[in-house]
$ cat upload.txt   # compact mmCIF, C-alpha atoms
# COMPACT_ATOMS: atom_id res chain seq x y z
CA MET E 369 110.51 165.99 10.02
CA ILE E 370 109.14 162.77 8.53
CA SER E 371 105.98 161.58 10.32
CA GLY E 372 105.70 158.34 12.29
CA TYR E 373 103.76 156.63 9.51
CA GLY E 374 106.25 157.83 6.92
CA THR E 375 109.12 156.56 9.05
CA ILE E 376 107.59 153.07 9.25
CA VAL E 377 106.99 152.98 5.49
CA ILE E 378 110.59 154.03 4.82
CA ALA E 379 111.85 151.45 7.36
CA ILE E 380 110.02 148.68 5.47
CA LEU E 381 111.51 149.89 2.19
CA VAL E 382 114.96 149.92 3.84
CA LEU E 383 114.43 146.29 4.93
CA TYR E 384 113.59 145.25 1.38
CA MET E 385 116.56 147.21 0.05
CA GLY E 386 118.80 145.26 2.43
CA LYS E 387 117.20 142.00 1.37
CA LEU E 388 117.83 142.79 -2.30
CA LEU E 389 121.47 143.77 -1.70
CA ASN E 390 122.17 140.66 0.42
CA LYS E 391 120.71 138.52 -2.33
CA ARG E 392 122.95 140.03 -5.00
CA ILE E 393 126.22 140.66 -3.12
CA GLU E 394 128.20 137.55 -2.17
CA PHE E 395 130.26 139.31 0.54
CA LEU E 396 127.13 140.25 2.49
CA ARG E 397 125.80 136.69 2.36
CA LYS E 398 129.15 135.11 3.15
CA TYR E 399 129.61 137.08 6.36
CA ASN E 400 125.95 136.93 7.37
CA ILE E 401 125.35 140.69 7.49
CA PRO E 402 121.71 141.17 8.59
CA GLU E 403 119.36 142.69 6.02
CA PRO E 404 118.32 145.62 8.26
CA VAL E 405 122.00 146.46 8.78
CA THR E 406 122.72 146.38 5.04
CA GLY E 407 119.72 148.53 4.14
CA GLY E 408 120.01 150.80 7.17
CA ILE E 409 123.68 151.61 6.62
CA LEU E 410 123.03 152.38 2.94
CA ALA E 411 120.11 154.64 3.89
CA SER E 412 122.30 156.46 6.43
CA LEU E 413 125.00 156.93 3.77
CA ILE E 414 122.39 158.46 1.46
CA SER E 415 121.34 160.78 4.32
CA ALA E 416 125.00 161.77 4.80
CA VAL E 417 125.35 162.61 1.08
CA ILE E 418 122.20 164.74 1.25
CA TYR E 419 123.60 166.50 4.33
CA PHE E 420 126.98 167.29 2.77
CA VAL E 421 125.71 168.18 -0.72
CA PHE E 422 122.48 170.03 0.08
CA ASP E 423 123.11 170.98 3.74
CA PHE E 424 119.81 169.32 4.62
CA GLU E 425 119.32 166.92 7.53
CA LEU E 426 116.69 164.17 7.25
CA GLN E 427 114.86 163.72 10.54
CA TYR E 428 112.58 160.81 11.41
CA THR E 429 109.87 160.35 14.03
CA LEU E 430 111.08 157.36 16.05
CA ASP E 431 108.36 157.02 18.70
CA ALA E 432 107.41 153.50 17.55
CA ARG E 433 110.99 152.29 17.91
CA ASP E 434 110.90 152.00 21.71
CA GLY E 435 107.86 149.72 21.61
CA LEU E 436 109.52 147.50 19.00
CA LEU E 437 112.62 147.24 21.18
CA ILE E 438 110.64 146.11 24.22
CA ALA E 439 108.63 143.63 22.14
CA PHE E 440 111.82 142.07 20.77
CA PHE E 441 113.50 141.62 24.15
CA THR E 442 110.25 140.23 25.55
CA THR E 443 110.36 137.45 22.93
CA ILE E 444 113.93 136.66 23.99
CA GLY E 445 112.69 136.17 27.55
CA LEU E 446 109.86 133.97 26.30
CA SER E 447 112.44 131.60 24.78
CA ALA E 448 114.15 130.97 28.15
CA LYS E 449 112.43 127.74 29.22
CA PHE E 450 114.02 126.02 32.20
CA GLU E 451 113.61 122.52 30.77
CA THR E 452 115.57 123.53 27.67
CA LEU E 453 118.37 124.94 29.79
CA LYS E 454 118.76 121.60 31.62
CA LYS E 455 119.72 119.87 28.36
CA GLY E 456 122.89 121.96 28.13
CA GLY E 457 124.23 120.42 31.36
CA ALA E 458 127.65 121.33 32.75
CA SER E 459 128.92 122.57 29.38
CA LEU E 460 126.21 125.23 29.26
CA LEU E 461 127.07 126.36 32.78
CA ILE E 462 130.80 126.55 31.97
CA LEU E 463 130.22 128.57 28.78
CA MET E 464 127.91 130.91 30.70
CA VAL E 465 130.63 131.61 33.28
CA VAL E 466 133.25 132.10 30.56
CA ALA E 467 130.93 134.44 28.61
CA VAL E 468 130.08 136.57 31.67
CA GLY E 469 133.78 136.81 32.55
CA TYR E 470 134.53 138.06 29.08
CA LEU E 471 131.91 140.82 29.36
CA PHE E 472 134.04 142.36 32.12
CA LEU E 473 137.25 141.87 30.13
CA GLN E 474 135.69 143.36 26.99
CA ASN E 475 134.77 146.55 28.82
CA ILE E 476 138.20 146.79 30.44
CA VAL E 477 139.82 146.46 26.99
CA GLY E 478 137.46 149.12 25.64
CA ILE E 479 138.25 151.56 28.45
CA ALA E 480 142.01 150.95 28.08
CA SER E 481 141.78 151.49 24.29
CA VAL E 482 139.97 154.83 24.45
CA SER E 483 142.15 156.13 27.28
CA VAL E 484 145.04 156.16 24.77
CA SER E 485 142.95 158.43 22.52
CA GLY E 486 141.92 160.69 25.37
CA LEU E 487 138.21 159.88 25.04
CA SER E 488 135.78 159.38 27.91
CA ASN E 489 135.97 155.97 29.63
CA ALA E 490 132.25 155.60 28.95
CA VAL E 491 133.07 155.42 25.23
CA GLY E 492 135.16 152.35 26.06
CA VAL E 493 132.13 150.63 27.59
CA LEU E 494 130.10 151.66 24.55
CA GLY E 495 132.77 150.09 22.33
CA GLY E 496 132.96 147.10 24.65
CA SER E 497 130.17 144.77 25.72
CA VAL E 498 127.42 147.25 24.74
CA SER E 499 128.15 147.18 21.02
CA LEU E 500 130.11 143.94 20.55
CA SER E 501 128.60 141.29 22.83
CA GLY E 502 125.32 143.21 22.88
CA GLY E 503 124.95 144.11 19.21
CA HIS E 504 122.87 146.75 17.47
CA GLY E 505 119.78 146.27 19.62
CA THR E 506 121.67 146.72 22.88
CA VAL E 507 123.43 149.83 21.54
CA ILE E 508 120.15 151.46 20.62
CA ALA E 509 118.64 150.54 23.97
CA TRP E 510 121.53 151.93 26.06
CA ALA E 511 122.60 154.92 23.93
CA PRO E 512 120.19 157.35 25.69
CA LYS E 513 121.87 156.61 29.04
CA PHE E 514 125.31 157.38 27.60
CA MET E 515 123.94 160.62 26.16
CA GLU E 516 122.17 161.75 29.33
CA GLN E 517 124.55 160.53 32.06
CA HIS E 518 127.92 160.86 30.30
CA GLY E 519 127.32 163.60 27.73
CA ILE E 520 128.23 161.50 24.67
CA SER E 521 125.99 163.17 22.12
CA ASN E 522 126.91 160.76 19.30
CA ALA E 523 126.72 157.62 21.45
CA LEU E 524 124.29 155.95 19.05
CA GLU E 525 126.55 156.49 16.03
CA ILE E 526 129.68 155.30 17.86
CA GLY E 527 127.97 152.18 19.21
CA LEU E 528 126.34 151.20 15.93
CA ALA E 529 129.60 151.72 14.03
CA CYS E 530 131.37 149.37 16.47
CA SER E 531 128.52 146.84 16.25
CA THR E 532 128.53 146.81 12.46
CA PHE E 533 132.28 146.38 12.06
CA GLY E 534 132.34 143.90 14.94
CA LEU E 535 129.74 141.82 13.13
CA VAL E 536 131.97 141.68 10.06
CA LEU E 537 135.12 140.90 12.07
CA GLY E 538 133.33 138.15 14.02
CA GLY E 539 132.12 136.56 10.81
CA ILE E 540 135.54 136.74 9.17
CA ALA E 541 137.63 135.51 12.12
CA GLY E 542 135.46 132.77 13.66
CA GLY E 543 135.79 130.11 10.97
CA PRO E 544 139.57 130.41 10.41
CA VAL E 545 140.34 130.34 14.16
CA ALA E 546 138.24 127.20 14.69
CA ALA E 547 139.71 125.54 11.60
CA GLN E 548 143.24 126.25 12.85
CA LEU E 549 142.42 124.65 16.23
CA ILE E 550 140.93 121.58 14.52
CA LYS E 551 143.99 121.13 12.29
CA ARG E 552 146.57 121.87 14.98
CA TYR E 553 145.16 119.30 17.41
CA ASN E 554 143.92 116.89 14.71
CA LEU E 555 140.39 116.94 16.09
CA LYS E 556 137.54 114.82 14.77
CA PRO E 557 133.84 114.68 15.62
CA VAL E 558 133.11 111.68 17.88
CA VAL E 559 130.14 110.69 15.75
CA LYS E 560 129.33 111.91 12.26
CA GLU E 561 126.27 113.98 13.07
CA GLU E 562 123.81 115.77 10.91
CA ARG E 563 123.93 119.50 11.52
CA THR E 564 121.07 120.74 13.64
CA VAL E 565 120.69 124.41 14.38
CA GLY E 566 118.33 124.13 17.31
CA GLU E 567 115.37 123.10 15.17
CA GLY E 568 112.64 121.10 16.88
CA HIS E 569 111.66 117.98 15.01
CA GLU E 570 108.85 116.69 17.21
CA GLU E 571 106.15 118.49 15.30
CA ILE E 572 105.74 120.88 12.43
CA MET E 573 103.99 124.05 13.54
CA THR E 574 102.63 126.82 11.36
CA VAL E 575 101.34 130.30 12.04
CA SER E 576 97.68 130.06 12.96
CA TYR E 577 95.01 132.25 14.54
CA ASP E 578 95.33 130.46 17.89
CA ASN E 579 99.10 130.55 18.25
CA MET E 580 99.25 134.14 16.98
CA MET E 581 96.72 135.24 19.61
CA MET E 582 98.60 133.27 22.27
CA ALA E 583 101.85 134.96 21.21
CA ILE E 584 100.26 138.41 21.41
CA LEU E 585 98.82 137.56 24.84
CA ALA E 586 102.18 136.28 26.09
CA ILE E 587 104.10 139.34 24.85
CA SER E 588 101.53 141.80 26.21
CA PHE E 589 101.31 140.06 29.59
CA SER E 590 105.10 139.85 29.83
CA MET E 591 105.43 143.55 29.07
CA GLY E 592 102.97 144.20 31.91
CA LEU E 593 105.07 142.06 34.24
CA GLY E 594 108.10 144.04 33.09
CA ILE E 595 106.41 147.30 34.09
CA LEU E 596 105.65 145.86 37.55
CA ILE E 597 109.27 144.70 37.90
CA GLY E 598 110.50 148.17 36.96
CA GLU E 599 108.18 149.83 39.47
CA GLY E 600 109.29 147.36 42.14
CA LEU E 601 112.93 148.20 41.52
CA GLU E 602 112.17 151.91 41.81
CA GLN E 603 110.70 151.29 45.26
CA VAL E 604 114.10 150.01 46.44
CA ASN E 605 116.04 152.78 44.65
CA ALA E 606 117.28 150.46 41.89
CA SER E 607 116.65 150.55 38.17
CA LEU E 608 117.03 148.59 34.96
CA PRO E 609 116.11 149.70 31.43
CA PRO E 610 112.48 148.88 30.52
CA PHE E 611 113.56 146.35 27.87
CA VAL E 612 115.49 144.33 30.48
CA CYS E 613 112.48 144.32 32.82
CA ALA E 614 110.32 143.10 29.92
CA LEU E 615 112.88 140.35 29.25
CA PHE E 616 112.55 139.14 32.86
CA GLY E 617 108.77 139.34 32.48
CA GLY E 618 109.02 137.01 29.48
CA ILE E 619 111.12 134.51 31.45
CA ILE E 620 108.53 134.44 34.25
CA TYR E 621 105.62 134.04 31.84
CA THR E 622 107.10 131.26 29.70
CA ASN E 623 107.92 129.12 32.75
CA VAL E 624 104.84 129.78 34.87
CA ALA E 625 101.91 130.29 32.43
CA PRO E 626 101.88 126.72 30.98
CA ILE E 627 101.73 125.23 34.50
CA ILE E 628 98.86 127.46 35.61
CA GLY E 629 97.13 127.31 32.24
CA SER E 630 97.10 123.51 32.07
CA LYS E 631 95.20 123.44 35.36
CA VAL E 632 92.62 125.89 34.05
CA ASP E 633 92.08 124.25 30.65
CA GLU E 634 94.07 121.18 29.56
CA LYS E 635 93.00 121.58 25.92
CA LEU E 636 94.30 125.12 25.54
CA ASN E 637 97.88 125.32 24.26
CA TYR E 638 99.84 127.85 26.34
CA ARG E 639 103.12 127.25 24.52
CA VAL E 640 104.75 130.37 23.16
CA ASP E 641 107.66 128.66 21.36
CA ASN E 642 105.79 128.79 18.08
CA PRO E 643 106.26 130.43 14.68
CA SER E 644 103.97 133.32 15.62
CA THR E 645 106.26 134.42 18.45
CA ALA E 646 109.27 134.06 16.14
CA LEU E 647 107.49 136.10 13.45
CA ILE E 648 106.66 138.92 15.87
CA SER E 649 110.27 138.83 17.12
CA ASP E 650 111.69 139.05 13.58
CA VAL E 651 109.36 141.87 12.53
CA SER E 652 110.06 143.86 15.71
CA LEU E 653 113.83 143.47 15.43
CA GLY E 654 113.91 144.14 11.69
CA LEU E 655 111.90 147.37 11.87
CA PHE E 656 113.67 148.45 15.05
CA LEU E 657 117.11 148.08 13.45
CA ALA E 658 116.05 149.61 10.15
CA MET E 659 114.54 152.69 11.85
CA SER E 660 117.61 153.16 14.03
CA LEU E 661 120.28 152.64 11.38
CA MET E 662 118.64 154.74 8.68
CA SER E 663 118.51 157.68 11.13
CA LEU E 664 122.25 157.54 11.88
CA GLN E 665 124.15 160.83 11.61
CA LEU E 666 127.38 159.43 10.20
CA TRP E 667 128.97 162.85 9.78
CA THR E 668 129.36 163.04 13.57
CA LEU E 669 131.91 160.15 13.44
CA ILE E 670 134.52 161.70 11.15
CA ASP E 671 136.76 162.89 13.99
CA LEU E 672 136.54 159.48 15.75
CA ALA E 673 137.53 157.19 12.87
CA MET E 674 141.04 156.37 14.14
CA PRO E 675 140.09 155.84 17.83
CA ILE E 676 137.28 153.48 16.80
CA LEU E 677 139.61 151.56 14.48
CA PHE E 678 142.21 151.20 17.26
CA LEU E 679 139.52 150.01 19.69
CA LEU E 680 138.18 147.38 17.27
CA VAL E 681 141.65 146.00 16.48
CA ALA E 682 142.40 145.71 20.21
CA GLN E 683 139.07 143.93 20.82
CA LEU E 684 139.71 141.51 17.95
CA ILE E 685 143.17 140.56 19.24
CA VAL E 686 141.94 140.04 22.81
CA ILE E 687 138.92 137.89 21.89
CA VAL E 688 141.01 135.66 19.60
CA LEU E 689 143.45 135.06 22.46
CA TYR E 690 140.56 134.49 24.88
CA VAL E 691 138.89 131.99 22.55
CA VAL E 692 142.11 130.03 21.92
CA PHE E 693 143.52 130.00 25.45
CA VAL E 694 140.35 130.06 27.57
CA VAL E 695 137.15 129.05 25.75
CA PHE E 696 138.68 126.18 23.78
CA ARG E 697 140.51 124.79 26.80
CA VAL E 698 137.77 125.00 29.43
CA MET E 699 135.26 123.48 27.01
CA GLY E 700 137.42 120.35 26.74
CA LYS E 701 139.98 120.89 23.94
CA ASP E 702 138.03 118.49 21.71
CA TYR E 703 136.25 118.91 18.39
CA ASP E 704 133.07 120.29 20.00
CA ALA E 705 135.20 122.82 21.91
CA ALA E 706 136.75 124.04 18.65
CA VAL E 707 133.33 124.54 17.05
CA ILE E 708 132.10 126.30 20.21
CA ALA E 709 135.20 128.52 20.12
CA GLY E 710 134.48 129.58 16.54
CA GLY E 711 130.86 130.23 17.40
CA TYR E 712 131.71 132.19 20.52
CA LEU E 713 134.10 134.42 18.59
CA GLY E 714 131.19 135.38 16.34
CA LEU E 715 128.97 135.86 19.38
CA GLY E 716 131.46 138.02 21.27
CA LEU E 717 132.06 140.38 18.34
CA GLY E 718 128.74 140.21 16.56
CA ALA E 719 125.55 138.38 17.40
CA THR E 720 123.95 134.94 17.72
CA PRO E 721 123.30 134.70 13.93
CA THR E 722 127.02 135.33 13.34
CA ALA E 723 127.87 132.55 15.80
CA ILE E 724 125.52 130.12 14.06
CA ALA E 725 126.89 131.10 10.64
CA ASN E 726 130.45 130.44 11.87
CA MET E 727 129.54 127.04 13.31
CA THR E 728 127.60 126.08 10.20
CA ALA E 729 130.61 126.83 8.01
CA ILE E 730 132.87 124.78 10.32
CA THR E 731 130.60 121.73 10.63
CA LYS E 732 129.88 121.74 6.91
CA ARG E 733 133.58 121.21 6.32
CA PHE E 734 134.68 119.05 9.27
CA GLY E 735 131.55 117.33 10.62
CA GLY E 736 128.60 117.92 12.92
CA SER E 737 128.54 119.14 16.52
CA ALA E 738 125.10 118.94 18.12
CA LYS E 739 126.57 120.07 21.44
CA ALA E 740 127.83 123.35 19.96
CA PHE E 741 124.53 124.09 18.23
CA LEU E 742 122.67 123.52 21.50
CA ILE E 743 124.67 125.56 24.01
CA VAL E 744 126.04 128.50 21.97
CA PRO E 745 122.59 129.71 20.83
CA LEU E 746 121.27 129.21 24.38
CA VAL E 747 123.99 131.46 25.79
CA GLY E 748 123.63 133.97 22.96
CA ALA E 749 119.84 134.05 22.90
CA PHE E 750 119.23 135.38 26.40
CA PHE E 751 122.05 134.77 28.92
CA ILE E 752 124.27 137.35 27.24
CA ASP E 753 121.49 139.96 27.20
CA ILE E 754 120.58 139.44 30.85
CA SER E 755 124.16 139.33 32.13
CA ASN E 756 125.29 142.15 29.84
CA ALA E 757 122.60 144.49 31.14
CA LEU E 758 123.86 144.01 34.68
CA VAL E 759 127.53 144.31 33.67
CA ILE E 760 126.90 147.51 31.67
CA GLN E 761 125.04 149.06 34.59
CA PHE E 762 127.92 148.06 36.91
CA PHE E 763 130.48 149.85 34.72
CA LEU E 764 128.30 152.93 34.26
CA ASP E 765 127.84 153.22 38.03
CA LEU E 766 131.59 152.73 38.46
CA LEU E 767 132.40 155.54 36.00
CA GLN E 768 130.07 158.12 37.53

$ encode --input "upload.txt" --output "structure tokens"
Amino acid sequence: MISGYGTIVIAILVLYMGKLLNKRIEFLRKYNIPEPVTGGILASLISAVIYFVFDFELQYTLDARDGLLIAFFTTIGLSAKFETLKKGGASLLILMVVAVGYLFLQNIVGIASVSVSGLSNAVGVLGGSVSLSGGHGTVIAWAPKFMEQHGISNALEIGLACSTFGLVLGGIAGGPVAAQLIKRYNLKPVVKEERTVGEGHEEIMTVSYDNMMMAILAISFSMGLGILIGEGLEQVNASLPPFVCALFGGIIYTNVAPIIGSKVDEKLNYRVDNPSTALISDVSLGLFLAMSLMSLQLWTLIDLAMPILFLLVAQLIVIVLYVVFVVFRVMGKDYDAAVIAGGYLGLGLGATPTAIANMTAITKRFGGSAKAFLIVPLVGAFFIDISNALVIQFFLDLLQ
């Protein structure tokens, strides 16, 4: 058993290994495979070779991982400012409804796919919105529930395999689908816009002592609020995973603290949308993913290779149809709608970075879409996580 300190050191080395591979391999850069995923999967492959050749299983101490998970989801909540959400207008609301509707459809497709293979329906949910719309972080957060409540001992491996391949499929399919829509309907951007990926231009902020301390305060306070929310839910015989409660705590803090703080001291900056919060978020997510992926027991997936492949193909076909016939049409059937469709395909199969990578590739070729770069990241950054947590819990309760 490798100690907690040793696990963290190895996780950092895995991150740098992923960074090096992404830098040197064009395929990994082209399809925006995250560095922790690259390094973590390679590390897990090395562990599998050691297991098969030497009959020795590497085991890591993963106690720190839970704290990193909660810290990451707290920072997502801290990004959910109400004034930012107003800028998205009706289009943001429409995409939110469409995205939530697809979470249900994605789980139904997953359940239908695994029923053909004779697997538990819970595996379908795991290969549905948990791993695809949710991504690696959501898989790792929910896997214990699938293990404890539904007896899926290799839930983590199944979910992470689906997440990884979904990420690749989302990156490969998003651009071509959007390009086909643009060409078929001869769509053009209304105004030739410079590409903006949600960057603020009002001021240039750097990591400093003050904003780092404010970020630490905000995250710690939000985690405390999350604990209170969790305890409150227990009092009414309800429950949500701790990371979801922390996410809600972050939403409350980021919208209430600046109002109260400005009345206490007008000179003190209570903003948490600063590089320090982003840095803590990136470090937490990177280490969290690296620790989880490098500890994968890939040998437990050998018997499930074909069912997982069938599930992923079914999910790819359904989301392409959904994007073309639902997302594109309800968003207006214009150029912005095509870019949003390409981004959403990456979001629904992979993650927000995949969505942004898809949209960047599209706008680089056909022209800018400020609308797409505003609302897709907003939906992907926190609406999906909040809604998905509730949808997952709904399906798990339904399957019990």

$ atom_distance --input "upload.txt" --atom1 "CA of Pro609 in chain E" --atom2 "CA of Thr442 in chain E"
12.6 Å

$ residues_around --input "upload.txt" --residues "range 700-708 of chain E" --least-positions-apart "2" --cutoff "7 Å" --atoms "only C-alpha atoms" --output "PyMOL selection string"
chain E and resi 546+549-550+555-557+696-698+710-712+727+730+737+739-740+744

$ residues_around --input "upload.txt" --residues "Pro404 in chain E" --least-positions-apart "4" --cutoff "10 Å" --atoms "only C-alpha atoms" --output "CSV table (one decimal) with C-alpha atoms, in the frame of the given file"
chain,number,residue,atom,x,y,z
E,379,ALA,CA,111.8,151.4,7.4
E,380,ILE,CA,110.0,148.7,5.5
E,382,VAL,CA,115.0,149.9,3.8
E,383,LEU,CA,114.4,146.3,4.9
E,384,TYR,CA,113.6,145.2,1.4
E,385,MET,CA,116.6,147.2,0.0
E,386,GLY,CA,118.8,145.3,2.4
E,387,LYS,CA,117.2,142.0,1.4
E,408,GLY,CA,120.0,150.8,7.2
E,409,ILE,CA,123.7,151.6,6.6
E,410,LEU,CA,123.0,152.4,2.9
E,653,LEU,CA,113.8,143.5,15.4
E,654,GLY,CA,113.9,144.1,11.7
E,655,LEU,CA,111.9,147.4,11.9
E,656,PHE,CA,113.7,148.4,15.0
E,657,LEU,CA,117.1,148.1,13.4
E,658,ALA,CA,116.0,149.6,10.2
E,659,MET,CA,114.5,152.7,11.8
E,660,SER,CA,117.6,153.2,14.0
E,661,LEU,CA,120.3,152.6,11.4
E,662,MET,CA,118.6,154.7,8.7

$ closest_residue --input "upload.txt" --among "E:Met464, E:Ile627, E:Ala586, E:Ala646" --to "Ser755 in chain E" --atoms "all atoms listed in the file"
E:Met464

$ closest_residue --input "upload.txt" --among "E:Thr406, E:Ser649, E:Ser644, E:Asn522" --to "Asn579 in chain E" --atoms "only C-alpha atoms"
E:Ser644
